[in-house]
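What follows is the content of input14.txt, which has compact mmCIF, C-alpha atoms and all ligand atoms:
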```txt
# COMPACT_ATOMS: atom_id res chain seq x y z
CA MET T 1 12.24 -18.77 -22.37
CA ILE T 2 15.12 -20.58 -20.66
CA ARG T 3 18.36 -18.69 -20.22
CA SER T 4 21.97 -19.81 -20.09
CA GLU T 5 23.56 -22.33 -17.70
CA LEU T 6 25.28 -20.90 -14.64
CA MET T 7 27.13 -22.40 -11.69
CA ALA T 8 24.80 -22.50 -8.67
CA ARG T 9 24.70 -24.08 -5.22
CA ALA T 10 22.40 -27.10 -5.19
CA VAL T 11 21.45 -30.03 -3.00
CA LYS T 12 22.05 -33.52 -4.39
CA ILE T 13 19.22 -35.94 -3.56
CA LYS T 14 18.59 -39.59 -4.43
CA LYS T 15 15.67 -39.81 -6.85
CA GLN T 16 13.49 -41.77 -4.42
CA ASN T 17 13.80 -38.95 -1.81
CA ALA T 18 13.43 -36.07 -4.26
CA GLU T 19 9.71 -35.25 -4.00
CA LYS T 20 9.63 -35.32 -0.20
CA VAL T 21 12.73 -33.09 0.05
CA ARG T 22 11.45 -30.74 -2.67
CA ARG T 23 8.23 -30.14 -0.73
CA PHE T 24 10.23 -29.50 2.43
CA LEU T 25 12.52 -26.99 0.67
CA VAL T 26 9.58 -25.11 -0.90
CA LYS T 27 7.71 -24.96 2.43
CA ASN T 28 10.77 -23.50 4.15
CA GLY T 29 11.57 -21.00 1.43
CA LEU T 30 14.91 -22.69 0.66
CA ILE T 31 14.58 -23.19 -3.10
CA ASP T 32 16.30 -20.63 -5.31
CA PHE T 33 13.63 -20.10 -7.98
CA GLY T 34 16.17 -18.32 -10.17
CA TYR T 35 17.31 -21.72 -11.50
CA LEU T 36 15.74 -24.92 -12.80
CA PRO T 37 16.47 -28.25 -11.08
CA SER T 38 18.44 -30.84 -13.03
CA SER T 39 18.88 -34.60 -12.85
CA SER T 40 21.40 -37.39 -13.52
CA LYS T 41 20.70 -41.13 -13.70
CA ASP T 42 20.25 -41.56 -9.91
CA PHE T 43 20.08 -38.02 -8.50
CA ILE T 44 18.09 -34.78 -8.60
CA PHE T 45 19.75 -31.39 -8.00
CA PHE T 46 17.64 -28.58 -6.49
CA PRO T 47 19.01 -25.00 -6.45
CA ILE T 48 19.03 -23.61 -2.90
CA SER T 49 18.83 -20.07 -1.56
CA ASP T 50 20.60 -20.62 1.77
CA GLU T 51 23.21 -23.33 2.07
CA LYS T 52 23.87 -22.44 5.73
CA SER T 53 20.30 -23.27 6.71
CA VAL T 54 20.17 -25.51 9.78
CA LYS T 55 17.26 -27.33 8.18
CA ILE T 56 19.36 -28.35 5.17
CA ARG T 57 22.19 -29.43 7.48
CA GLN T 58 19.74 -31.66 9.39
CA LEU T 59 18.61 -33.34 6.14
CA ILE T 60 22.26 -33.99 5.27
CA LYS T 61 22.78 -35.56 8.71
CA SER T 62 19.69 -37.77 8.32
CA GLY T 63 20.89 -38.87 4.88
CA GLU T 64 17.90 -37.49 2.93
CA ILE T 65 20.23 -35.04 1.19
CA GLU T 66 23.53 -36.49 -0.08
CA ALA T 67 25.50 -33.25 -0.21
CA ILE T 68 25.59 -29.58 -1.20
CA VAL T 69 27.41 -29.23 -4.52
CA ASN T 70 28.34 -26.73 -7.19
CA LYS T 71 26.22 -27.55 -10.22
CA LYS T 72 25.70 -25.97 -13.62
CA LEU T 73 21.96 -25.18 -13.75
CA LYS T 74 19.78 -23.50 -16.32
CA GLU T 75 18.64 -20.02 -15.36
CA GLN T 76 14.88 -19.82 -14.99
CA ASP T 77 13.02 -17.24 -17.05
CA ARG T 78 12.99 -14.50 -14.41
CA GLU T 79 9.56 -13.24 -15.47
CA ARG T 80 8.07 -16.55 -14.41
CA VAL T 81 9.41 -16.40 -10.88
CA SER T 82 6.29 -15.94 -8.79
CA LEU T 83 6.34 -12.87 -6.58
CA PRO T 84 3.74 -11.79 -4.04
CA PRO T 85 1.67 -8.74 -5.00
CA PHE T 86 3.19 -5.43 -3.87
CA ASP T 87 2.34 -1.73 -3.63
CA ILE T 88 4.62 0.63 -5.51
CA ILE T 89 5.10 4.15 -4.17
CA GLY T 90 7.69 5.88 -6.36
CA GLY T 91 10.79 3.68 -6.15
CA VAL T 92 9.61 1.83 -3.04
CA ALA T 93 7.92 -1.60 -3.28
CA ILE T 94 6.13 -2.92 -0.19
CA PHE T 95 5.00 -6.52 -0.18
CA GLU T 96 3.32 -8.90 2.22
CA LEU T 97 5.06 -12.21 2.90
CA PRO T 98 3.00 -15.05 1.44
CA LYS T 99 0.76 -16.72 4.06
CA GLU T 100 2.70 -20.00 3.97
CA TYR T 101 5.53 -18.27 5.88
CA LYS T 102 3.37 -16.86 8.68
CA ASP T 103 4.56 -19.38 11.32
CA LYS T 104 8.26 -18.78 10.68
CA THR T 105 10.59 -17.06 13.14
CA ASP T 106 11.33 -13.37 12.54
CA SER T 107 14.82 -14.11 11.23
CA GLU T 108 13.51 -16.77 8.84
CA LYS T 109 10.83 -14.35 7.62
CA GLU T 110 13.47 -11.71 7.00
CA LYS T 111 15.62 -14.15 5.04
CA ILE T 112 12.70 -15.07 2.78
CA ALA T 113 11.74 -11.40 2.44
CA LYS T 114 15.32 -10.59 1.34
CA GLU T 115 15.06 -13.18 -1.44
CA ILE T 116 11.75 -11.74 -2.62
CA GLY T 117 13.11 -8.20 -2.35
CA LYS T 118 16.15 -9.08 -4.48
CA LYS T 119 13.87 -10.55 -7.15
CA ILE T 120 11.59 -7.51 -7.19
CA LEU T 121 14.62 -5.26 -7.69
CA ALA T 122 15.99 -7.52 -10.42
CA HIS T 123 12.69 -7.51 -12.37
CA HIS T 124 11.63 -3.88 -11.94
CA LYS T 125 14.27 -1.37 -12.93
CA ASN T 126 12.36 1.61 -11.46
CA ILE T 127 12.20 0.10 -7.99
CA THR T 128 15.18 0.98 -5.81
CA THR T 129 13.94 -0.17 -2.39
CA ALA T 130 12.02 -3.30 -1.41
CA ALA T 131 10.36 -3.72 1.98
CA PHE T 132 8.01 -6.21 3.58
CA LYS T 133 5.03 -5.46 5.79
CA THR T 134 5.67 -6.16 9.48
CA GLY T 135 2.24 -5.04 10.66
CA GLY T 136 -0.75 -2.88 9.78
CA ILE T 137 -1.14 0.86 9.20
CA LYS T 138 -0.88 2.40 12.62
CA GLY T 139 -1.63 5.40 14.84
CA PRO T 140 -3.35 8.72 14.20
CA TYR T 141 -0.92 9.51 11.37
CA ARG T 142 -1.72 6.17 9.65
CA ILE T 143 1.91 5.08 9.20
CA ARG T 144 2.78 1.76 7.55
CA SER T 145 4.84 -0.83 9.46
CA PHE T 146 7.53 -2.31 7.22
CA LYS T 147 11.17 -3.34 7.12
CA ILE T 148 13.46 -2.55 4.20
CA VAL T 149 15.19 -5.72 2.99
CA SER T 150 16.78 -4.85 -0.38
CA GLY T 151 18.18 -1.88 -2.24
CA LYS T 152 18.50 1.65 -0.85
CA LYS T 153 17.93 1.81 2.89
CA SER T 154 15.57 4.77 2.60
CA ALA T 155 11.82 5.09 2.06
CA PHE T 156 12.09 8.65 0.73
CA THR T 157 10.87 8.72 -2.85
CA LEU T 158 9.11 10.58 -5.66
CA HIS T 159 5.74 9.18 -6.69
CA LYS T 160 3.84 10.25 -9.80
CA GLU T 161 0.07 10.14 -10.19
CA MET T 162 -2.17 11.79 -12.81
CA GLY T 163 0.62 14.07 -14.00
CA CYS T 164 1.39 15.30 -10.47
CA ARG T 165 4.55 14.64 -8.44
CA PHE T 166 4.67 13.74 -4.76
CA LEU T 167 7.73 13.65 -2.54
CA ILE T 168 7.20 11.39 0.42
CA ASP T 169 9.02 9.39 3.06
CA VAL T 170 6.76 6.35 3.32
CA SER T 171 8.10 5.59 6.82
CA LYS T 172 6.86 8.96 8.09
CA ALA T 173 3.66 9.76 6.20
CA TYR T 174 0.75 7.92 4.57
CA TYR T 175 0.33 7.31 0.85
CA SER T 176 -1.69 4.60 -0.84
CA PRO T 177 -1.51 4.00 -4.60
CA ARG T 178 -4.66 1.86 -4.14
CA LEU T 179 -6.76 5.01 -3.81
CA SER T 180 -5.72 6.33 -7.21
CA PHE T 181 -9.03 5.24 -8.76
CA GLU T 182 -10.94 7.26 -6.16
CA ARG T 183 -8.76 10.31 -6.78
CA LYS T 184 -9.46 10.03 -10.50
CA ARG T 185 -13.18 9.60 -9.88
CA ILE T 186 -13.52 12.57 -7.53
CA ASN T 187 -11.35 14.73 -9.75
CA SER T 188 -13.63 13.92 -12.69
CA ILE T 189 -16.82 14.95 -10.86
CA SER T 190 -15.36 18.08 -9.22
CA LYS T 191 -16.31 21.39 -10.84
CA ASP T 192 -13.95 24.27 -11.55
CA GLY T 193 -14.38 27.23 -9.19
CA GLU T 194 -15.34 25.27 -6.07
CA ASN T 195 -14.06 25.72 -2.52
CA VAL T 196 -12.74 22.21 -1.85
CA PHE T 197 -11.75 21.09 1.65
CA VAL T 198 -9.50 18.08 2.22
CA PRO T 199 -9.07 17.49 5.93
CA PHE T 200 -6.74 14.47 6.37
CA ALA T 201 -4.80 15.57 3.27
CA GLY T 202 -1.59 13.60 3.91
CA VAL T 203 1.17 14.66 1.50
CA GLY T 204 -1.51 16.07 -0.78
CA PRO T 205 -2.68 13.60 -3.46
CA PHE T 206 -6.43 14.47 -3.45
CA ALA T 207 -5.78 18.19 -2.92
CA ILE T 208 -3.02 18.61 -5.49
CA ILE T 209 -4.68 16.58 -8.25
CA ILE T 210 -7.96 18.50 -7.91
CA ALA T 211 -6.14 21.85 -7.75
CA LYS T 212 -4.10 21.07 -10.88
CA TYR T 213 -7.14 20.12 -12.98
CA HIS T 214 -9.41 22.87 -11.55
CA PRO T 215 -7.33 26.05 -11.67
CA ASN T 216 -10.26 28.25 -10.58
CA SER T 217 -10.97 26.15 -7.50
CA THR T 218 -9.41 26.85 -4.11
CA VAL T 219 -8.33 23.73 -2.27
CA TYR T 220 -7.87 23.85 1.52
CA ALA T 221 -5.57 20.96 2.51
CA ASN T 222 -5.41 20.20 6.21
CA GLU T 223 -3.03 17.73 7.88
CA LEU T 224 -2.21 16.79 11.48
CA ASN T 225 1.09 14.88 11.02
CA PRO T 226 3.94 17.47 10.91
CA GLU T 227 6.03 15.22 8.58
CA ALA T 228 3.16 14.74 6.13
CA TYR T 229 2.44 18.48 6.35
CA LYS T 230 6.08 19.26 5.48
CA TYR T 231 5.80 17.16 2.29
CA LEU T 232 2.35 18.61 1.53
CA LYS T 233 3.91 22.10 1.41
CA GLU T 234 6.86 20.87 -0.69
CA ASN T 235 4.50 19.10 -3.09
CA ILE T 236 2.37 22.22 -3.59
CA LYS T 237 5.59 24.01 -4.66
CA LEU T 238 6.85 21.07 -6.73
CA ASN T 239 3.59 21.06 -8.73
CA LYS T 240 3.69 24.89 -9.06
CA LEU T 241 0.22 25.41 -7.61
CA SER T 242 -1.04 28.67 -6.17
CA ASN T 243 -4.59 27.46 -5.46
CA VAL T 244 -3.82 25.03 -2.60
CA ILE T 245 -3.85 26.45 0.93
CA PRO T 246 -2.04 24.16 3.41
CA ILE T 247 -3.43 24.22 6.96
CA PRO T 248 -1.60 22.36 9.75
CA GLY T 249 -3.20 20.78 12.80
CA ASP T 250 -6.44 19.07 13.78
CA ALA T 251 -9.32 19.21 11.28
CA ARG T 252 -11.59 20.44 14.07
CA GLY T 253 -9.65 23.72 13.94
CA LEU T 254 -11.07 24.46 10.46
CA VAL T 255 -14.56 25.17 11.76
CA GLU T 256 -13.95 28.54 13.34
CA LYS T 257 -12.56 30.18 10.19
CA TYR T 258 -14.37 28.30 7.43
CA ARG T 259 -17.92 27.68 8.68
CA ARG T 260 -20.32 27.20 5.70
CA LYS T 261 -17.53 27.85 3.17
CA ALA T 262 -17.22 24.43 1.50
CA ASP T 263 -18.68 23.34 -1.85
CA ARG T 264 -16.94 19.97 -1.62
CA ILE T 265 -15.33 18.08 1.27
CA ILE T 266 -13.16 14.96 0.91
CA MET T 267 -12.73 12.89 4.08
CA PRO T 268 -10.05 10.20 3.45
CA LEU T 269 -9.69 8.99 7.07
CA PRO T 270 -11.64 5.72 6.97
CA MET T 271 -10.61 4.65 10.48
CA SER T 272 -12.39 7.54 12.23
CA ALA T 273 -14.02 9.90 9.70
CA ASP T 274 -17.34 9.38 11.54
CA GLU T 275 -15.94 11.41 14.45
CA PHE T 276 -15.54 14.37 12.08
CA LEU T 277 -18.94 14.39 10.38
CA ASP T 278 -19.99 17.28 12.67
CA VAL T 279 -16.94 19.19 11.34
CA ALA T 280 -18.01 18.43 7.75
CA PHE T 281 -21.56 19.65 8.42
CA ALA T 282 -20.17 22.84 9.99
CA LEU T 283 -17.99 23.51 6.92
CA ALA T 284 -20.67 22.55 4.36
CA ARG T 285 -22.71 25.27 2.70
CA LYS T 286 -25.99 24.40 1.00
CA ASN T 287 -25.48 21.90 -1.86
CA CYS T 288 -21.98 20.98 -0.66
CA VAL T 289 -20.96 17.46 -1.74
CA VAL T 290 -19.11 15.32 0.82
CA HIS T 291 -17.02 12.22 0.02
CA PHE T 292 -16.98 10.15 3.18
CA TYR T 293 -14.56 7.16 3.43
CA PHE T 294 -15.26 4.72 6.22
CA PHE T 295 -14.37 1.20 7.42
CA ALA T 296 -17.65 -0.65 7.97
CA PHE T 297 -19.23 -4.09 7.80
CA SER T 298 -21.29 -2.97 4.81
CA VAL T 299 -21.89 0.04 2.57
CA LYS T 300 -25.41 0.29 4.10
CA ASP T 301 -23.88 0.61 7.61
CA ALA T 302 -21.69 3.50 6.41
CA GLU T 303 -24.74 5.19 4.82
CA GLU T 304 -26.62 4.83 8.10
CA ILE T 305 -23.79 6.60 9.98
CA VAL T 306 -24.07 9.55 7.58
CA LYS T 307 -27.86 9.72 8.00
CA GLN T 308 -27.65 9.60 11.81
CA ALA T 309 -25.00 12.34 11.89
CA ALA T 310 -27.09 14.55 9.56
CA LYS T 311 -30.10 14.12 11.86
CA LYS T 312 -28.00 15.07 14.88
CA GLU T 313 -26.69 18.20 13.13
CA LYS T 314 -30.18 19.04 11.80
CA ARG T 315 -29.08 19.02 8.16
CA LYS T 316 -30.80 17.30 5.23
CA VAL T 317 -28.70 15.02 3.04
CA LYS T 318 -29.16 13.11 -0.18
CA ILE T 319 -26.92 10.08 -0.86
CA LEU T 320 -25.64 10.50 -4.41
CA PHE T 321 -23.43 7.44 -4.75
CA SER T 322 -21.93 4.72 -2.59
CA ARG T 323 -19.72 1.69 -3.11
CA ALA T 324 -17.15 -0.58 -1.49
CA VAL T 325 -13.72 0.80 -2.41
CA ARG T 326 -11.72 -2.23 -1.22
CA ALA T 327 -11.62 -4.98 1.38
CA TYR T 328 -9.89 -3.91 4.58
CA SER T 329 -10.05 -7.34 6.26
CA PRO T 330 -12.14 -10.48 5.64
CA GLU T 331 -15.12 -8.87 7.45
CA ILE T 332 -14.56 -5.15 7.01
CA LEU T 333 -14.61 -3.06 3.83
CA GLU T 334 -13.72 0.52 3.05
CA ALA T 335 -16.87 2.26 1.84
CA VAL T 336 -17.19 5.60 0.12
CA ILE T 337 -20.43 7.53 0.46
CA ASP T 338 -20.90 10.66 -1.68
CA PHE T 339 -23.68 12.81 -0.27
CA LYS T 340 -25.09 16.26 -0.87
CA VAL T 341 -26.03 18.55 2.01
CA ILE T 342 -29.28 19.86 0.55
CA ASP T 343 -30.28 22.05 3.44
C1 LIG V 401 -5.51 7.66 5.51
S1 LIG V 401 -4.46 9.06 5.47
C2 LIG V 401 -4.94 9.83 3.94
C3 LIG V 401 -3.89 10.76 3.40
C4 LIG V 401 -4.16 11.28 1.99
N1 LIG V 401 -5.40 11.96 1.88
C5 LIG V 401 -4.06 10.16 0.96
O1 LIG V 401 -5.07 9.80 0.38
O2 LIG V 401 -2.94 9.66 0.73
C6 LIG V 401 -5.20 10.10 6.69
C7 LIG V 401 -4.40 11.33 7.07
O3 LIG V 401 -5.14 12.08 8.03
C8 LIG V 401 -4.25 12.64 8.97
N2 LIG V 401 -5.04 12.93 10.18
C9 LIG V 401 -5.40 12.07 11.16
N3 LIG V 401 -6.15 12.70 12.10
C10 LIG V 401 -6.27 13.97 11.68
C11 LIG V 401 -6.95 15.12 12.24
N4 LIG V 401 -7.61 15.04 13.39
N5 LIG V 401 -6.88 16.28 11.56
C12 LIG V 401 -6.19 16.37 10.38
N6 LIG V 401 -5.52 15.33 9.82
C13 LIG V 401 -5.57 14.14 10.46
C14 LIG V 401 -3.17 11.56 9.14
O4 LIG V 401 -1.99 12.10 9.64
C15 LIG V 401 -3.05 11.04 7.70
O5 LIG V 401 -2.05 11.72 6.99
```
Take the structure I supplied and represent it as structure tokens, if you would.
Amino acid sequence: MIRSELMARAVKIKKQNAEKVRRFLVKNGLIDFGYLPSSSKDFIFFPISDEKSVKIRQLIKSGEIEAIVNKKLKEQDRERVSLPPFDIIGGVAIFELPKEYKDKTDSEKEKIAKEIGKKILAHHKNITTAAFKTGGIKGPYRIRSFKIVSGKKSAFTLHKEMGCRFLIDVSKAYYSPRLSFERKRINSISKDGENVFVPFAGVGPFAIIIAKYHPNSTVYANELNPEAYKYLKENIKLNKLSNVIPIPGDARGLVEKYRRKADRIIMPLPMSADEFLDVAFALARKNCVVHFYFFAFSVKDAEEIVKQAAKKEKRKVKILFSRAVRAYSPEILEAVIDFKVID
């Protein structure tokens, strides 16, 4: 569908130069994809996103672009504007800049990100903040690195998943909508009446979902990051749950009070969950099921880590299920290993 004609800023280019200049504008993120180009007998008009760009000025100087003009252009069907994939957490969208911009300067990257952010906000009415990734997920609290480029300048939001509500400030605590399938899966195999332990609980998604759908279970949700812990407590209240017990601090602290109390343990700390397998074995009673998330080269490698740890702790385990949850990098995947502590 093509929409109405609107006045836009465009570069005027002789037809014989048009393809070369078009490629240059696309490569440098200078085309405004909100409009369609137009042509006259001798010229092509490309809509541009930044008329102050030094690069455009240089092409004017060299004669490859005739001028920047006001031009009536047809509005492009906004749904067809290509956007990079993005994560949505409540009203916050976080996207990665497409690879073709990776060699740009920081200010150029931000300019392109602003354009993308504006488009995301224009197309998705429920998104109020758009941000682009400026690095990986960092530190012991697993915080995302991003910069807000459009909309509200706050990453505080309300996210909904499986009928539960989660308040979170994405700049201060971890949340990944990409794990929603795993939360659904583990919720579906959990049994009502269990003692469930979630060390590394974050703002509570695993803990709160399981508690809501298993009212006779008791869920112990432990979290190290004080900000995430604050939201975990708020989210327990928000979801009106009396069967989630929040526990602040290091997961290692659980052992003293809860030795051999767990029927199920969920370990969503793939960066270093291996360092806490001794804690899981200490908490696990006979027949406890553990869901171990781990970054590894292969699912087999992650299984091997579980088997070695069991041997060290003199416990017997049976692997019930394992799979790659997602790619973490070209070489590394996130594996999940479900295992039962049979003795
Ligand atoms: C990858 S996040 C998972 C959060 C949540 N379970 C989710 O799925 O959204 C891991 C969480 O573990 C917490 N954490 C890291 N080390 C910890 C420790 N030693 N004891 C307890 N929590 C820890 C981090 O602060 C972070 O919130």
Can you check which parts of chain T lie within 8 Å of ligand LIG 401 (chain V)? Per residue, the shortest pair of atoms and distance in Å to one decimal, counting only C-alpha atoms and all ligand atoms, sorted by chain and number, as CSV.
```
residue,atom,partner,partner_atom,distance
T:Pro140,CA,V:LIG401,C9,5.0
T:Tyr141,CA,V:LIG401,O4,3.3
T:Arg142,CA,V:LIG401,C15,5.4
T:Ile143,CA,V:LIG401,C15,7.9
T:Ala173,CA,V:LIG401,O5,6.1
T:Tyr174,CA,V:LIG401,O5,5.3
T:Tyr175,CA,V:LIG401,O2,4.0
T:Ser176,CA,V:LIG401,O2,5.4
T:Pro177,CA,V:LIG401,O2,7.9
T:Leu179,CA,V:LIG401,O1,6.6
T:Val198,CA,V:LIG401,N1,7.4
T:Pro199,CA,V:LIG401,C12,5.4
T:Phe200,CA,V:LIG401,O3,3.3
T:Ala201,CA,V:LIG401,N1,3.9
T:Gly202,CA,V:LIG401,O5,3.6
T:Val203,CA,V:LIG401,C4,6.3
T:Gly204,CA,V:LIG401,C4,6.1
T:Pro205,CA,V:LIG401,O2,5.8
T:Phe206,CA,V:LIG401,N1,6.0
T:Ala207,CA,V:LIG401,N1,7.9
T:Asn222,CA,V:LIG401,C12,5.7
T:Glu223,CA,V:LIG401,N6,4.0
T:Leu224,CA,V:LIG401,N6,4.0
T:Asn225,CA,V:LIG401,O4,4.4
T:Ala228,CA,V:LIG401,O5,6.1
T:Pro248,CA,V:LIG401,C12,7.6
T:Gly249,CA,V:LIG401,C12,5.9
T:Asp250,CA,V:LIG401,N5,3.6
T:Ala251,CA,V:LIG401,N5,3.8
T:Arg252,CA,V:LIG401,N4,6.7
T:Met267,CA,V:LIG401,N1,7.7
T:Pro268,CA,V:LIG401,C2,5.1
T:Leu269,CA,V:LIG401,C6,4.6
T:Pro270,CA,V:LIG401,C1,6.6
T:Met271,CA,V:LIG401,C1,7.7
```
Next, dump the selected residues to file, keeping only C-alpha atoms, as an mmCIF file, in the coordinates of the input.
```
data_model
loop_
_atom_site.group_PDB
_atom_site.id
_atom_site.type_symbol
_atom_site.label_atom_id
_atom_site.label_comp_id
_atom_site.auth_asym_id
_atom_site.auth_seq_id
_atom_site.Cartn_x
_atom_site.Cartn_y
_atom_site.Cartn_z
ATOM 1 C CA PRO T 140 -3.350 8.720 14.200
ATOM 2 C CA TYR T 141 -0.920 9.510 11.370
ATOM 3 C CA ARG T 142 -1.720 6.170 9.650
ATOM 4 C CA ILE T 143 1.910 5.080 9.200
ATOM 5 C CA ALA T 173 3.660 9.760 6.200
ATOM 6 C CA TYR T 174 0.750 7.920 4.570
ATOM 7 C CA TYR T 175 0.330 7.310 0.850
ATOM 8 C CA SER T 176 -1.690 4.600 -0.840
ATOM 9 C CA PRO T 177 -1.510 4.000 -4.600
ATOM 10 C CA LEU T 179 -6.760 5.010 -3.810
ATOM 11 C CA VAL T 198 -9.500 18.080 2.220
ATOM 12 C CA PRO T 199 -9.070 17.490 5.930
ATOM 13 C CA PHE T 200 -6.740 14.470 6.370
ATOM 14 C CA ALA T 201 -4.800 15.570 3.270
ATOM 15 C CA GLY T 202 -1.590 13.600 3.910
ATOM 16 C CA VAL T 203 1.170 14.660 1.500
ATOM 17 C CA GLY T 204 -1.510 16.070 -0.780
ATOM 18 C CA PRO T 205 -2.680 13.600 -3.460
ATOM 19 C CA PHE T 206 -6.430 14.470 -3.450
ATOM 20 C CA ALA T 207 -5.780 18.190 -2.920
ATOM 21 C CA ASN T 222 -5.410 20.200 6.210
ATOM 22 C CA GLU T 223 -3.030 17.730 7.880
ATOM 23 C CA LEU T 224 -2.210 16.790 11.480
ATOM 24 C CA ASN T 225 1.090 14.880 11.020
ATOM 25 C CA ALA T 228 3.160 14.740 6.130
ATOM 26 C CA PRO T 248 -1.600 22.360 9.750
ATOM 27 C CA GLY T 249 -3.200 20.780 12.800
ATOM 28 C CA ASP T 250 -6.440 19.070 13.780
ATOM 29 C CA ALA T 251 -9.320 19.210 11.280
ATOM 30 C CA ARG T 252 -11.590 20.440 14.070
ATOM 31 C CA MET T 267 -12.730 12.890 4.080
ATOM 32 C CA PRO T 268 -10.050 10.200 3.450
ATOM 33 C CA LEU T 269 -9.690 8.990 7.070
ATOM 34 C CA PRO T 270 -11.640 5.720 6.970
ATOM 35 C CA MET T 271 -10.610 4.650 10.480
#
```
*Identify which of the residues T:Leu6, T:Ile266, T:Ile112, T:Leu333 lies closest to T:Val299, counting only C-alpha atoms when measuring atom-to-atom distances.*
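For T:Val299, the nearest of the candidates is T:Leu333.
With atom CA of T:His159 on one side and atom CA of T:Ile89 on the other, the separation reads 5.7 Å.
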*Pick out the closest residue to T:Leu241 from this set: T:Pro215, T:Gly193, T:Gly34, T:Gly253. Count all atoms listed in the file.*
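Of the candidates, the smallest distance to T:Leu241 is held by T:Pro215.
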*Using only C-alpha atoms, which of the listed residues (T:Lys114, T:Met7, T:Ala131, T:Lys184) sits closest to T:Phe86?*
T:Ala131
*At what distance in Å, to one decimal, does atom CA of T:Lys286 lie from atom CA of T:Asp301?*
24.8 Å
Quick one: axis-aligned box around all listed atoms of stretch 246-265 of chain T, 5 Å on every side, centre and edge lengths in Å to one decimal, written as lines of an AutoDock Vina configuration file.
```
center_x = -11.0
center_y = 24.1
center_z = 6.1
size_x = 28.7
size_y = 22.1
size_z = 25.9
```
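Between T:Val11 and the residues T:Gln58, T:Asn235, T:Asn70, T:Ser272, the shortest atom-to-atom distance, using only C-alpha atoms, involves T:Asn70.
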*Hey, which of T:Ala221, T:Ala309, T:Ala18, T:Ile209 ends up closest to T:Glu161? Count all atoms listed in the file.*
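That would be T:Ile209, the residue with the smallest distance to T:Glu161.
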*Which of these residues is nearest to T:Gln76, using only C-alpha atoms: T:Leu36, T:Val219, T:Ala324, T:Leu232?*
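Once distances to T:Gln76 are computed over only C-alpha atoms, the minimum belongs to T:Leu36.
In this structure, atom CA of T:Arg144 sits 26.6 Å away from atom CA of T:Val279.
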*Please identify all polymer residues within 7 Å of T:Val325, counting all atoms listed in the file, omitting same-chain residues fewer than 3 positions from it, and present them as a PyMOL selection string.*
chain T and resi 334-336
